[in-house]
$ cat entry-v4.txt   # compact mmCIF, C-alpha atoms
# COMPACT_ATOMS: atom_id res chain seq x y z
CA MET A 233 -7.40 1.57 -33.36
CA LYS A 234 -9.51 -1.50 -34.04
CA GLU A 235 -7.94 -1.96 -37.47
CA ARG A 236 -4.48 -2.01 -35.85
CA ILE A 237 -5.73 -4.49 -33.25
CA ARG A 238 -7.05 -6.72 -36.04
CA SER A 239 -3.71 -6.49 -37.81
CA VAL A 240 -1.94 -7.69 -34.63
CA LEU A 241 -4.48 -10.52 -34.29
CA ASP A 242 -3.88 -11.61 -37.90
CA THR A 243 -0.12 -11.70 -37.37
CA HIS A 244 0.03 -13.20 -33.85
CA GLY A 245 -3.38 -14.67 -32.95
CA ARG A 246 -3.01 -17.86 -35.02
CA LEU A 247 -6.73 -17.60 -35.82
CA PRO A 248 -8.22 -19.94 -38.43
CA VAL A 249 -10.13 -16.97 -39.90
CA GLY A 250 -9.08 -13.44 -40.75
CA ALA A 251 -9.75 -10.95 -37.95
CA ALA A 252 -11.75 -8.82 -40.42
CA ALA A 253 -14.40 -11.56 -40.35
CA LEU A 254 -14.84 -11.24 -36.58
CA ALA A 255 -17.24 -8.78 -34.95
CA ASP A 256 -15.82 -6.36 -32.41
CA ASP A 257 -17.42 -8.35 -29.60
CA ALA A 258 -16.69 -11.83 -31.00
CA ASN A 259 -14.89 -14.07 -28.51
CA LEU A 260 -11.39 -14.66 -29.85
CA TYR A 261 -10.85 -17.84 -27.80
CA ALA A 262 -14.06 -19.30 -29.23
CA ALA A 263 -12.71 -18.33 -32.66
CA GLY A 264 -9.62 -20.46 -32.03
CA MET A 265 -7.05 -18.27 -30.28
CA THR A 266 -5.05 -20.35 -27.80
CA SER A 267 -3.68 -19.15 -24.45
CA HIS A 268 -0.14 -19.25 -25.83
CA ALA A 269 -1.21 -17.21 -28.86
CA SER A 270 -2.84 -14.66 -26.54
CA VAL A 271 0.57 -14.08 -24.94
CA ASN A 272 2.05 -13.26 -28.34
CA VAL A 273 -0.91 -10.97 -29.06
CA MET A 274 -0.37 -9.22 -25.71
CA LEU A 275 3.33 -8.65 -26.40
CA ALA A 276 2.66 -7.50 -29.98
CA LEU A 277 -0.03 -5.05 -28.81
CA GLU A 278 2.46 -3.54 -26.36
CA GLU A 279 4.89 -2.99 -29.22
CA GLU A 280 2.28 -1.73 -31.67
CA PHE A 281 0.76 0.79 -29.25
CA ASP A 282 3.90 1.50 -27.18
CA VAL A 283 2.22 0.61 -23.89
CA GLU A 284 2.85 -1.87 -21.10
CA PHE A 285 -0.18 -3.70 -19.75
CA PRO A 286 -0.12 -3.49 -15.94
CA ASP A 287 -0.25 -6.71 -13.96
CA GLU A 288 -3.99 -6.49 -13.28
CA MET A 289 -4.69 -6.42 -17.03
CA LEU A 290 -2.77 -9.65 -17.67
CA THR A 291 -5.92 -11.77 -17.61
CA ARG A 292 -7.63 -14.03 -20.11
CA SER A 293 -10.68 -11.76 -20.34
CA ALA A 294 -8.57 -8.68 -21.20
CA PHE A 295 -7.75 -10.21 -24.60
CA GLU A 296 -11.02 -12.03 -25.33
CA SER A 297 -12.35 -9.67 -28.05
CA VAL A 298 -11.41 -6.65 -30.13
CA ASP A 299 -13.68 -4.59 -27.88
CA ALA A 300 -12.02 -5.92 -24.71
CA ILE A 301 -8.56 -5.12 -26.05
CA ALA A 302 -9.62 -1.65 -27.24
CA GLY A 303 -11.11 -0.95 -23.81
CA ARG A 304 -7.80 -1.77 -22.10
CA LEU A 305 -5.82 0.31 -24.56
CA VAL A 306 -8.13 3.32 -24.01
CA ALA A 307 -7.67 2.89 -20.27
CA LEU A 308 -3.92 3.08 -20.86
CA GLY A 309 -4.31 6.38 -22.68
CA VAL A 310 -4.23 5.15 -26.29
CA GLY A 311 -6.54 7.45 -28.23
CA MET B 262 -8.68 -46.19 7.35
CA ALA B 263 -5.55 -46.08 9.43
CA ASN B 264 -7.06 -45.07 12.76
CA VAL B 265 -3.70 -44.30 14.26
CA ALA B 266 -2.67 -40.87 15.47
CA ALA B 267 -0.74 -39.02 12.79
CA ALA B 268 2.89 -38.17 13.39
CA PRO B 269 3.27 -34.64 14.75
CA ARG B 270 3.59 -31.85 12.18
CA ARG B 271 7.19 -30.87 11.58
CA ALA B 272 9.04 -27.98 10.06
CA ARG B 273 10.64 -28.71 6.69
CA ALA B 274 14.25 -28.53 7.87
CA GLU B 275 13.50 -30.84 10.79
CA PHE B 276 11.74 -33.40 8.56
CA LEU B 277 14.64 -33.34 6.06
CA ALA B 278 17.16 -33.92 8.87
CA ASP B 279 15.08 -36.83 10.19
CA LEU B 280 14.86 -38.43 6.73
CA ILE B 281 18.62 -38.21 6.32
CA SER B 282 19.47 -39.52 9.79
CA ALA B 283 17.07 -42.44 9.27
CA GLY B 284 18.94 -43.37 6.06
CA LEU B 285 15.86 -42.78 3.91
CA LEU B 286 17.50 -39.93 1.96
CA ILE B 287 21.19 -39.61 1.08
CA PRO B 288 22.28 -35.97 0.65
CA SER B 289 24.39 -35.14 -2.42
CA GLY B 290 25.56 -31.71 -1.33
CA VAL B 291 23.19 -29.99 -3.78
CA ASP B 292 19.70 -29.01 -2.61
CA GLY B 293 16.99 -31.09 -4.21
CA ALA B 294 19.28 -33.90 -5.46
CA TYR B 295 18.99 -36.90 -3.17
CA GLY B 296 19.97 -40.52 -3.16
CA ARG B 297 17.48 -42.88 -1.55
CA GLY B 298 18.07 -45.72 0.86
CA GLY B 299 16.58 -49.18 0.33
CA THR B 300 13.59 -48.58 2.58
CA PHE B 301 12.64 -45.39 0.74
CA GLU B 302 13.03 -47.11 -2.63
CA ALA B 303 10.88 -50.04 -1.51
CA VAL B 304 8.10 -47.63 -0.55
CA ARG B 305 8.46 -45.64 -3.79
CA ALA B 306 8.24 -48.83 -5.86
CA ALA B 307 5.26 -50.00 -3.78
CA VAL B 308 3.45 -46.67 -4.39
CA ASP B 309 4.16 -47.03 -8.13
CA ALA B 310 2.71 -50.56 -8.16
CA PHE B 311 -0.27 -49.54 -6.02
CA VAL B 312 -1.21 -46.71 -8.40
CA THR B 313 -0.94 -49.19 -11.26
CA ARG B 314 -3.29 -51.62 -9.49
CA ARG B 315 -5.76 -48.84 -8.80
CA SER B 316 -5.67 -47.36 -12.29
CA LEU B 317 -8.90 -46.72 -14.11
CA ASN B 318 -10.12 -49.79 -15.92
CA VAL B 319 -8.63 -49.07 -19.28
CA ARG B 320 -6.01 -51.00 -21.18
CA PRO B 321 -3.25 -48.48 -21.68
CA GLU B 322 -0.41 -48.87 -24.12
CA ARG B 323 2.88 -49.11 -22.24
CA MET B 324 5.75 -46.91 -23.38
CA ALA B 325 9.02 -45.97 -21.70
CA PHE B 326 11.47 -43.21 -22.54
CA PRO B 327 14.88 -42.16 -21.24
CA PRO B 328 15.07 -38.98 -19.14
CA VAL B 329 16.45 -37.06 -22.12
CA LEU B 330 14.56 -35.41 -24.96
CA PRO B 331 15.71 -34.08 -28.33
CA ARG B 332 16.38 -30.37 -27.86
CA ARG B 333 14.28 -29.59 -30.94
CA GLN B 334 11.21 -31.11 -29.26
CA LEU B 335 11.58 -28.88 -26.21
CA GLU B 336 11.84 -25.90 -28.54
CA ARG B 337 8.73 -26.90 -30.54
CA ILE B 338 6.64 -27.46 -27.41
CA GLY B 339 7.34 -23.88 -26.33
CA TYR B 340 8.88 -24.90 -23.01
CA LEU B 341 11.63 -22.32 -23.34
CA SER B 342 9.01 -19.56 -23.65
CA SER B 343 6.89 -20.74 -20.74
CA PHE B 344 9.53 -22.18 -18.40
CA PRO B 345 13.00 -20.94 -19.41
CA HIS B 346 14.00 -20.94 -15.72
CA LEU B 347 13.29 -24.65 -15.19
CA ALA B 348 14.88 -26.21 -18.27
CA GLY B 349 17.95 -28.38 -17.90
CA THR B 350 20.00 -28.59 -21.09
CA ILE B 351 22.94 -30.88 -21.77
CA PHE B 352 26.30 -29.46 -22.77
CA SER B 353 29.44 -31.44 -23.51
CA PHE B 354 33.01 -30.99 -24.67
CA GLU B 355 33.78 -31.08 -28.40
CA GLY B 356 37.14 -29.31 -28.49
CA ASP B 357 40.70 -30.27 -29.39
CA GLU B 358 43.61 -31.18 -27.12
CA ALA B 359 44.57 -27.56 -26.49
CA GLU B 360 41.03 -26.79 -25.38
CA ALA B 361 40.99 -29.94 -23.23
CA ALA B 362 44.15 -28.74 -21.52
CA GLU B 363 42.55 -25.35 -20.95
CA LEU B 364 39.46 -27.06 -19.55
CA GLU B 365 41.62 -29.04 -17.13
CA ARG B 366 43.47 -25.87 -16.10
CA ARG B 367 40.23 -23.97 -15.40
CA VAL B 368 38.79 -26.87 -13.40
CA GLY B 369 41.99 -27.09 -11.36
CA ALA B 370 41.99 -23.34 -10.75
CA GLY B 371 38.34 -23.33 -9.75
CA GLU B 372 37.46 -21.08 -12.70
CA ASP B 373 34.28 -21.15 -14.82
CA TRP B 374 34.75 -23.84 -17.50
CA GLY B 375 31.22 -23.70 -18.99
CA GLY B 376 32.42 -21.69 -21.98
CA LEU B 377 34.46 -24.66 -23.21
CA GLN B 378 31.36 -26.80 -23.55
CA ARG B 379 28.93 -26.86 -26.45
CA GLN B 380 25.20 -27.50 -26.38
CA THR B 381 24.27 -31.04 -27.45
CA ASP B 382 21.11 -32.19 -29.23
CA LEU B 383 19.66 -33.43 -25.90
CA VAL B 384 17.93 -31.79 -22.96
CA LEU B 385 16.67 -33.29 -19.72
CA VAL B 386 13.00 -34.28 -19.79
CA PRO B 387 11.02 -31.74 -17.72
CA ALA B 388 7.67 -33.55 -17.95
CA ALA B 389 7.40 -37.29 -18.50
CA CYS B 390 4.66 -37.04 -21.12
CA TYR B 391 6.60 -34.87 -23.61
CA PRO B 392 8.17 -37.74 -25.61
CA VAL B 393 4.76 -39.35 -26.14
CA TYR B 394 3.15 -36.73 -28.39
CA PRO B 395 5.59 -36.81 -31.31
CA ALA B 396 5.85 -40.61 -31.00
CA VAL B 397 2.08 -41.04 -31.30
CA ALA B 398 1.70 -38.35 -33.98
CA ALA B 399 4.27 -40.14 -36.17
CA ARG B 400 1.90 -43.11 -36.47
CA GLY B 401 -0.87 -41.06 -38.09
CA PRO B 402 -4.40 -40.54 -36.72
CA LEU B 403 -5.35 -41.99 -33.33
CA PRO B 404 -7.31 -45.25 -33.19
CA VAL B 405 -11.10 -45.04 -32.90
CA GLY B 406 -11.89 -44.18 -29.27
CA GLY B 407 -8.56 -42.46 -28.70
CA LEU B 408 -5.50 -43.76 -26.90
CA THR B 409 -4.27 -44.09 -23.32
CA VAL B 410 -0.53 -44.36 -22.70
CA ASP B 411 1.03 -45.53 -19.42
CA LEU B 412 4.62 -44.38 -18.95
CA GLY B 413 5.16 -45.88 -15.51
CA GLY B 414 7.62 -43.95 -13.37
CA SER B 415 9.95 -41.70 -15.37
CA TYR B 416 12.71 -39.38 -14.20
CA VAL B 417 12.12 -35.67 -14.86
CA PHE B 418 14.28 -32.61 -14.12
CA ARG B 419 13.42 -29.05 -13.06
CA ASN B 420 16.06 -26.47 -12.18
CA GLU B 421 14.65 -25.42 -8.83
CA PRO B 422 17.06 -26.10 -5.95
CA SER B 423 15.23 -25.90 -2.63
CA CYS B 424 15.62 -26.83 1.03
CA ASP B 425 12.05 -28.16 1.01
CA PRO B 426 12.44 -31.94 1.46
CA ALA B 427 9.56 -32.43 -1.02
CA ARG B 428 10.97 -30.24 -3.82
CA TRP B 429 13.49 -32.27 -5.79
CA GLN B 430 15.30 -31.25 -8.96
CA MET B 431 15.11 -34.79 -10.34
CA PHE B 432 12.32 -37.14 -9.35
CA HIS B 433 9.94 -39.78 -10.70
CA GLN B 434 6.67 -38.78 -12.31
CA ARG B 435 4.30 -41.71 -12.70
CA GLU B 436 2.36 -40.57 -15.74
CA MET B 437 -0.59 -41.61 -17.81
CA ILE B 438 -1.70 -39.74 -20.93
CA ARG B 439 -5.06 -39.67 -22.68
CA LEU B 440 -5.41 -38.55 -26.31
CA GLY B 441 -8.78 -38.30 -28.05
CA ALA B 442 -12.00 -36.31 -28.34
CA PRO B 443 -12.16 -33.08 -26.27
CA ASP B 444 -15.09 -33.96 -24.00
CA GLU B 445 -13.86 -37.49 -23.41
CA VAL B 446 -10.31 -36.36 -22.59
CA ALA B 447 -11.56 -33.68 -20.18
CA GLY B 448 -13.83 -36.23 -18.47
CA TRP B 449 -10.93 -38.71 -18.11
CA ARG B 450 -8.85 -35.99 -16.44
CA ASP B 451 -11.66 -35.08 -14.02
CA ALA B 452 -12.35 -38.72 -13.17
CA TRP B 453 -8.67 -39.27 -12.39
CA ALA B 454 -8.59 -36.31 -10.02
CA GLN B 455 -11.38 -37.87 -7.95
CA ARG B 456 -9.86 -41.34 -8.26
CA ALA B 457 -6.55 -40.07 -6.90
CA VAL B 458 -8.20 -38.77 -3.71
CA GLU B 459 -9.50 -42.28 -3.11
CA ILE B 460 -6.16 -43.91 -3.93
CA VAL B 461 -4.13 -41.88 -1.44
CA GLY B 462 -7.03 -42.02 1.02
CA GLU B 463 -6.70 -45.80 1.09
CA LEU B 464 -3.12 -45.24 2.25
CA GLY B 465 -4.27 -43.07 5.15
CA LEU B 466 -3.47 -39.72 3.51
CA GLU B 467 -5.96 -36.87 3.71
CA ALA B 468 -5.93 -35.13 0.34
CA ALA B 469 -7.82 -32.41 -1.46
CA VAL B 470 -8.02 -31.53 -5.16
CA ASP B 471 -7.83 -27.88 -6.13
CA VAL B 472 -7.32 -25.76 -9.22
CA ALA B 473 -3.64 -24.92 -9.66
CA THR B 474 -1.25 -23.22 -12.06
CA ASP B 475 2.13 -24.08 -13.51
CA PRO B 476 5.07 -21.83 -12.53
CA PHE B 477 5.12 -19.93 -15.84
CA PHE B 478 7.94 -17.40 -16.22
CA GLY B 479 7.61 -13.62 -16.16
CA ARG B 480 4.81 -11.28 -17.28
CA SER B 481 3.73 -13.56 -20.10
CA GLY B 482 3.63 -16.28 -17.49
CA ARG B 483 1.18 -14.33 -15.35
CA LEU B 484 -1.22 -14.15 -18.28
CA LEU B 485 -0.74 -17.87 -18.98
CA ALA B 486 -1.20 -18.82 -15.33
CA ARG B 487 -4.39 -16.78 -14.97
CA SER B 488 -5.70 -18.17 -18.23
CA GLN B 489 -4.87 -21.70 -17.05
CA ARG B 490 -6.62 -21.09 -13.73
CA SER B 491 -9.73 -19.48 -15.24
CA GLN B 492 -10.21 -22.58 -17.40
CA SER B 493 -9.35 -25.06 -14.58
CA LEU B 494 -6.82 -26.71 -16.89
CA LYS B 495 -4.56 -27.85 -14.02
CA LEU B 496 -5.77 -29.64 -10.91
CA GLU B 497 -3.50 -30.72 -8.09
CA LEU B 498 -3.89 -33.28 -5.31
CA ALA B 499 -2.42 -31.76 -2.16
CA VAL B 500 -1.32 -33.64 0.96
CA TRP B 501 0.45 -32.35 4.03
CA ILE B 502 4.11 -33.46 4.15
CA SER B 503 5.98 -30.87 6.24
CA GLY B 504 6.03 -27.14 6.86
CA ASP B 505 2.98 -24.90 6.90
CA GLU B 506 1.45 -25.65 3.51
CA PRO B 507 0.20 -28.84 1.88
CA THR B 508 2.29 -30.17 -1.01
CA ALA B 509 1.00 -31.29 -4.42
CA VAL B 510 1.64 -35.03 -4.83
CA ALA B 511 -0.18 -35.44 -8.15
CA SER B 512 -1.45 -33.23 -10.95
CA PHE B 513 -4.17 -33.64 -13.56
CA ASN B 514 -3.58 -31.55 -16.63
CA TYR B 515 -5.92 -30.83 -19.52
CA HIS B 516 -3.74 -29.46 -22.34
CA ARG B 517 -6.65 -28.90 -24.77
CA GLU B 518 -5.06 -28.56 -28.25
CA HIS B 519 -1.61 -27.41 -27.09
CA PHE B 520 0.31 -30.57 -27.99
CA SER B 521 -1.93 -31.60 -30.90
CA SER B 522 -1.35 -28.24 -32.58
CA VAL B 523 2.42 -28.69 -32.28
CA PHE B 524 2.55 -32.34 -33.35
CA ASP B 525 -0.62 -32.63 -35.48
CA LEU B 526 -2.39 -35.24 -33.37
CA ARG B 527 -5.69 -36.15 -34.98
CA GLU B 528 -8.62 -38.33 -34.06
CA ALA B 529 -9.54 -41.28 -36.27
CA GLY B 530 -12.01 -39.04 -38.12
CA GLY B 531 -9.42 -36.33 -38.77
CA GLU B 532 -10.49 -33.84 -36.06
CA GLN B 533 -7.77 -32.19 -33.99
CA ALA B 534 -7.32 -34.31 -30.85
CA HIS B 535 -7.12 -33.01 -27.31
CA THR B 536 -4.73 -34.39 -24.69
CA ALA B 537 -4.51 -34.67 -20.91
CA CYS B 538 -2.04 -36.22 -18.52
CA VAL B 539 -2.08 -37.46 -14.95
CA GLY B 540 1.15 -37.53 -13.00
CA PHE B 541 1.91 -38.74 -9.49
CA GLY B 542 5.13 -37.52 -7.90
CA LEU B 543 6.24 -40.86 -6.53
CA GLU B 544 8.84 -39.52 -4.11
CA ARG B 545 6.32 -37.01 -2.76
CA VAL B 546 3.71 -39.70 -2.12
CA ALA B 547 6.42 -41.75 -0.35
CA LEU B 548 7.41 -38.69 1.71
CA ALA B 549 3.77 -38.08 2.63
CA LEU B 550 3.55 -41.69 3.87
CA PHE B 551 6.72 -41.32 5.97
CA SER B 552 5.38 -38.03 7.31
CA ARG B 553 1.94 -39.44 8.13
CA HIS B 554 2.84 -42.88 9.45
CA GLY B 555 6.41 -42.45 10.70
CA LEU B 556 9.90 -43.13 9.38
CA ASP B 557 9.81 -46.92 9.95
CA PRO B 558 7.38 -48.76 7.61
CA ALA B 559 7.52 -51.80 9.94
CA ARG B 560 5.50 -49.70 12.39
CA TRP B 561 2.94 -48.38 9.91
CA PRO B 562 -0.74 -49.32 10.31
CA ALA B 563 -1.26 -52.90 9.19
CA ASP B 564 -3.99 -51.98 6.71
CA VAL B 565 -1.66 -49.55 4.93
CA THR B 566 1.22 -52.02 4.61
CA ALA B 567 -1.22 -54.76 3.55
CA LEU B 568 -2.33 -52.56 0.65
CA LEU B 569 1.13 -51.35 -0.30
CA LEU B 570 3.12 -54.55 0.19
CA PRO B 571 0.65 -57.40 -0.38
$ encode --input "entry-v4.txt" --output "structure tokens"
Amino acid sequence: MKERIRSVLDTHGRLPVGAAALADDANLYAAGMTSHASVNVMLALEEEFDVEFPDEMLTRSAFESVDAIAGRLVALGVG
Amino acid sequence: MANVAAAPRRARAEFLADLISAGLLIPSGVDGAYGRGGTFEAVRAAVDAFVTRRSLNVRPERMAFPPVLPRRQLERIGYLSSFPHLAGTIFSFEGDEAEAAELERRVGAGEDWGGLQRQTDLVLVPAACYPVYPAVAARGPLPVGGLTVDLGGSYVFRNEPSCDPARWQMFHQREMIRLGAPDEVAGWRDAWAQRAVEIVGELGLEAAVDVATDPFFGRSGRLLARSQRSQSLKLELAVWISGDEPTAVASFNYHREHFSSVFDLREAGGEQAHTACVGFGLERVALALFSRHGLDPARWPADVTALLLP
């Protein structure tokens, strides 16, 4: 799952470094992801994993690291 | 300041009716689009000049832009992703005589004639600062120490018809923009928020600054708004005008790298610049004054008129 998350981040996160270089708990905003890029990441994750993030998950912290994203996806039943 | 009893609190519809009957506002027939009488305009211009006199002691560069923006700039800024519901775009007729006759027929019959118009290269400016970023970026890197731009009062448009007398579809933003190093730009924004409380306080208005969000559209917008709030990127100065809630009369916006990533704004040393803007809604400040001190400026507290109309 984390490889697919990294692939989404590489395509939509507009990060100055490849997501492979970031630890699972590295803060993506500190790495250069903007708020507007996080929206594109959110939408792309929904498409990639065929889920819809509920309203309470639409927060800045939900998309702040690979671990944070994976945790939300697991909560939504992605195995 | 202004130790005179405030005018009684009024409902929004009642305040709007009073403004119209006093000749301060001239209704157009469309909610949120008002003409202004001479007294209102004199107060609006006086507020504009007062904010200028009370501006932070910097020497801004003056620029002025028309209330239209190249459509391509609105697209690049991402406005149509964040605020598709607020954008006002300009369409016009480019057809031949047969199409002109059809247009005339549809207008006469009261039918929809929008399909006979084509989108032009212009949109209405939704935020007064938007034309500044590409204009400054085209010059190359910022000067050492960054740049402050004063736009004065500029017309802006948002598609949000409302019966609230303080929510207009076209109004004047009195904007200043700061471009430079991140810490310095953030500090300028914060200093302005405190300064603005003092400025309106001098005019007898009780105001408070609070963290706010822009009205971003849809689910993506909820994420953007929460992200904006968690970083305190938008502050608003709220004053009571009418109704049950205070109304924002100014906002203080730290954009971080949003505009510099679109338009490649760089500091003198080559680092990516940050930007912030401060905007006073001039009509809203004027409305707050009419609400607080009454509809006839000749009867306002002498210390307020002495400051506004020296």
$ residues_around --input "entry-v4.txt" --residues "segment 241-249 of chain A" --least-positions-apart "5" --cutoff "12 Å" --atoms "all atoms listed in the file" --output "PDB file with C-alpha atoms, keeping the file's coordinate frame"
ATOM      1  CA  LYS A 234      -9.510  -1.500 -34.040  1.00  0.00           C
ATOM      2  CA  GLU A 235      -7.940  -1.960 -37.470  1.00  0.00           C
ATOM      3  CA  ARG A 236      -4.480  -2.010 -35.850  1.00  0.00           C
ATOM      4  CA  LEU A 254     -14.840 -11.240 -36.580  1.00  0.00           C
ATOM      5  CA  ALA A 255     -17.240  -8.780 -34.950  1.00  0.00           C
ATOM      6  CA  ASN A 259     -14.890 -14.070 -28.510  1.00  0.00           C
ATOM      7  CA  LEU A 260     -11.390 -14.660 -29.850  1.00  0.00           C
ATOM      8  CA  TYR A 261     -10.850 -17.840 -27.800  1.00  0.00           C
ATOM      9  CA  ALA A 262     -14.060 -19.300 -29.230  1.00  0.00           C
ATOM     10  CA  ALA A 263     -12.710 -18.330 -32.660  1.00  0.00           C
ATOM     11  CA  GLY A 264      -9.620 -20.460 -32.030  1.00  0.00           C
ATOM     12  CA  MET A 265      -7.050 -18.270 -30.280  1.00  0.00           C
ATOM     13  CA  THR A 266      -5.050 -20.350 -27.800  1.00  0.00           C
ATOM     14  CA  SER A 267      -3.680 -19.150 -24.450  1.00  0.00           C
ATOM     15  CA  HIS A 268      -0.140 -19.250 -25.830  1.00  0.00           C
ATOM     16  CA  ALA A 269      -1.210 -17.210 -28.860  1.00  0.00           C
ATOM     17  CA  SER A 270      -2.840 -14.660 -26.540  1.00  0.00           C
ATOM     18  CA  VAL A 271       0.570 -14.080 -24.940  1.00  0.00           C
ATOM     19  CA  ASN A 272       2.050 -13.260 -28.340  1.00  0.00           C
ATOM     20  CA  VAL A 273      -0.910 -10.970 -29.060  1.00  0.00           C
ATOM     21  CA  MET A 274      -0.370  -9.220 -25.710  1.00  0.00           C
ATOM     22  CA  LEU A 275       3.330  -8.650 -26.400  1.00  0.00           C
ATOM     23  CA  ALA A 276       2.660  -7.500 -29.980  1.00  0.00           C
ATOM     24  CA  LEU A 277      -0.030  -5.050 -28.810  1.00  0.00           C
ATOM     25  CA  GLU A 280       2.280  -1.730 -31.670  1.00  0.00           C
ATOM     26  CA  PHE A 295      -7.750 -10.210 -24.600  1.00  0.00           C
ATOM     27  CA  GLU A 296     -11.020 -12.030 -25.330  1.00  0.00           C
ATOM     28  CA  SER A 297     -12.350  -9.670 -28.050  1.00  0.00           C
ATOM     29  CA  VAL A 298     -11.410  -6.650 -30.130  1.00  0.00           C
ATOM     30  CA  ILE A 301      -8.560  -5.120 -26.050  1.00  0.00           C
TER      31      ILE A 301
ATOM     32  CA  SER B 522      -1.350 -28.240 -32.580  1.00  0.00           C
TER      33      SER B 522
END
$ interface_residues --input "entry-v4.txt" --of "chain B" --to "chain A" --cutoff "8 Å" --atoms "only C-alpha atoms" --output "PDB file with C-alpha atoms, in the frame of the given file"
ATOM      1  CA  ARG B 480       4.810 -11.280 -17.280  1.00  0.00           C
ATOM      2  CA  SER B 481       3.730 -13.560 -20.100  1.00  0.00           C
ATOM      3  CA  ARG B 483       1.180 -14.330 -15.350  1.00  0.00           C
ATOM      4  CA  LEU B 484      -1.220 -14.150 -18.280  1.00  0.00           C
ATOM      5  CA  LEU B 485      -0.740 -17.870 -18.980  1.00  0.00           C
ATOM      6  CA  ARG B 487      -4.390 -16.780 -14.970  1.00  0.00           C
ATOM      7  CA  SER B 488      -5.700 -18.170 -18.230  1.00  0.00           C
ATOM      8  CA  GLN B 489      -4.870 -21.700 -17.050  1.00  0.00           C
ATOM      9  CA  SER B 491      -9.730 -19.480 -15.240  1.00  0.00           C
ATOM     10  CA  HIS B 519      -1.610 -27.410 -27.090  1.00  0.00           C
TER      11      HIS B 519
END
$ residues_around --input "entry-v4.txt" --residues "Ser423 of chain B" --least-positions-apart "2" --cutoff "7 Å" --atoms "only C-alpha atoms" --output "list of chain:residue names"
B:Asp292, B:Gly293, B:Glu421, B:Asp425, B:Arg428
$ atom_distance --input "entry-v4.txt" --atom1 "atom CA of Glu322 of chain B" --atom2 "atom CA of Glu436 of chain B"
12.1 Å
$ residues_around --input "entry-v4.txt" --residues "Gly339 of chain B" --least-positions-apart "4" --cutoff "10 Å" --atoms "only C-alpha atoms" --output "list of chain:residue names"
A:His268, B:Gln334, B:Leu335, B:Ser343, B:Phe344, B:Pro345, B:His519, B:Phe520, B:Val523
$ closest_residue --input "entry-v4.txt" --among "B:Ala442, B:Ala303, B:Leu277, B:Ala272" --to "Thr566 of chain B" --atoms "all atoms listed in the file"
B:Ala303
$ closest_residue --input "entry-v4.txt" --among "B:Val393, B:Ala454, B:Leu556, B:Val410" --to "Ile281 of chain B" --atoms "all atoms listed in the file"
B:Leu556
$ residues_around --input "entry-v4.txt" --residues "Val291 of chain B" --least-positions-apart "2" --cutoff "12 Å" --atoms "all atoms listed in the file" --output "ChimeraX atom specification"
/B:287-289,293-296,420-424,429-431
$ atom_distance --input "entry-v4.txt" --atom1 "atom CA of Leu498 of chain B" --atom2 "atom CA of Val458 of chain B"
7.2 Å
$ residues_around --input "entry-v4.txt" --residues "Val283 of chain A" --least-positions-apart "2" --cutoff "9 Å" --atoms "all atoms listed in the file" --output "PyMOL selection string"
chain A and resi 277-281+285+305+308-310
$ write_last_selection --input "entry-v4.txt" --atoms "C-alpha atoms" --output "PDB file, in the frame of the given file"
ATOM      1  CA  LEU A 277      -0.030  -5.050 -28.810  1.00  0.00           C
ATOM      2  CA  GLU A 278       2.460  -3.540 -26.360  1.00  0.00           C
ATOM      3  CA  GLU A 279       4.890  -2.990 -29.220  1.00  0.00           C
ATOM      4  CA  GLU A 280       2.280  -1.730 -31.670  1.00  0.00           C
ATOM      5  CA  PHE A 281       0.760   0.790 -29.250  1.00  0.00           C
ATOM      6  CA  PHE A 285      -0.180  -3.700 -19.750  1.00  0.00           C
ATOM      7  CA  LEU A 305      -5.820   0.310 -24.560  1.00  0.00           C
ATOM      8  CA  LEU A 308      -3.920   3.080 -20.860  1.00  0.00           C
ATOM      9  CA  GLY A 309      -4.310   6.380 -22.680  1.00  0.00           C
ATOM     10  CA  VAL A 310      -4.230   5.150 -26.290  1.00  0.00           C
TER      11      VAL A 310
END
$ atom_distance --input "entry-v4.txt" --atom1 "atom CA of Arg367 of chain B" --atom2 "atom CA of Thr350 of chain B"
21.5 Å
$ axis_aligned_box --input "entry-v4.txt" --around "segment 312-321 of chain B" --padding-each-side "3 Å" --output "JSON"
{"center_x": -5.5, "center_y": -49.2, "center_z": -15.0, "size_x": 15.2, "size_y": 10.9, "size_z": 19.3}
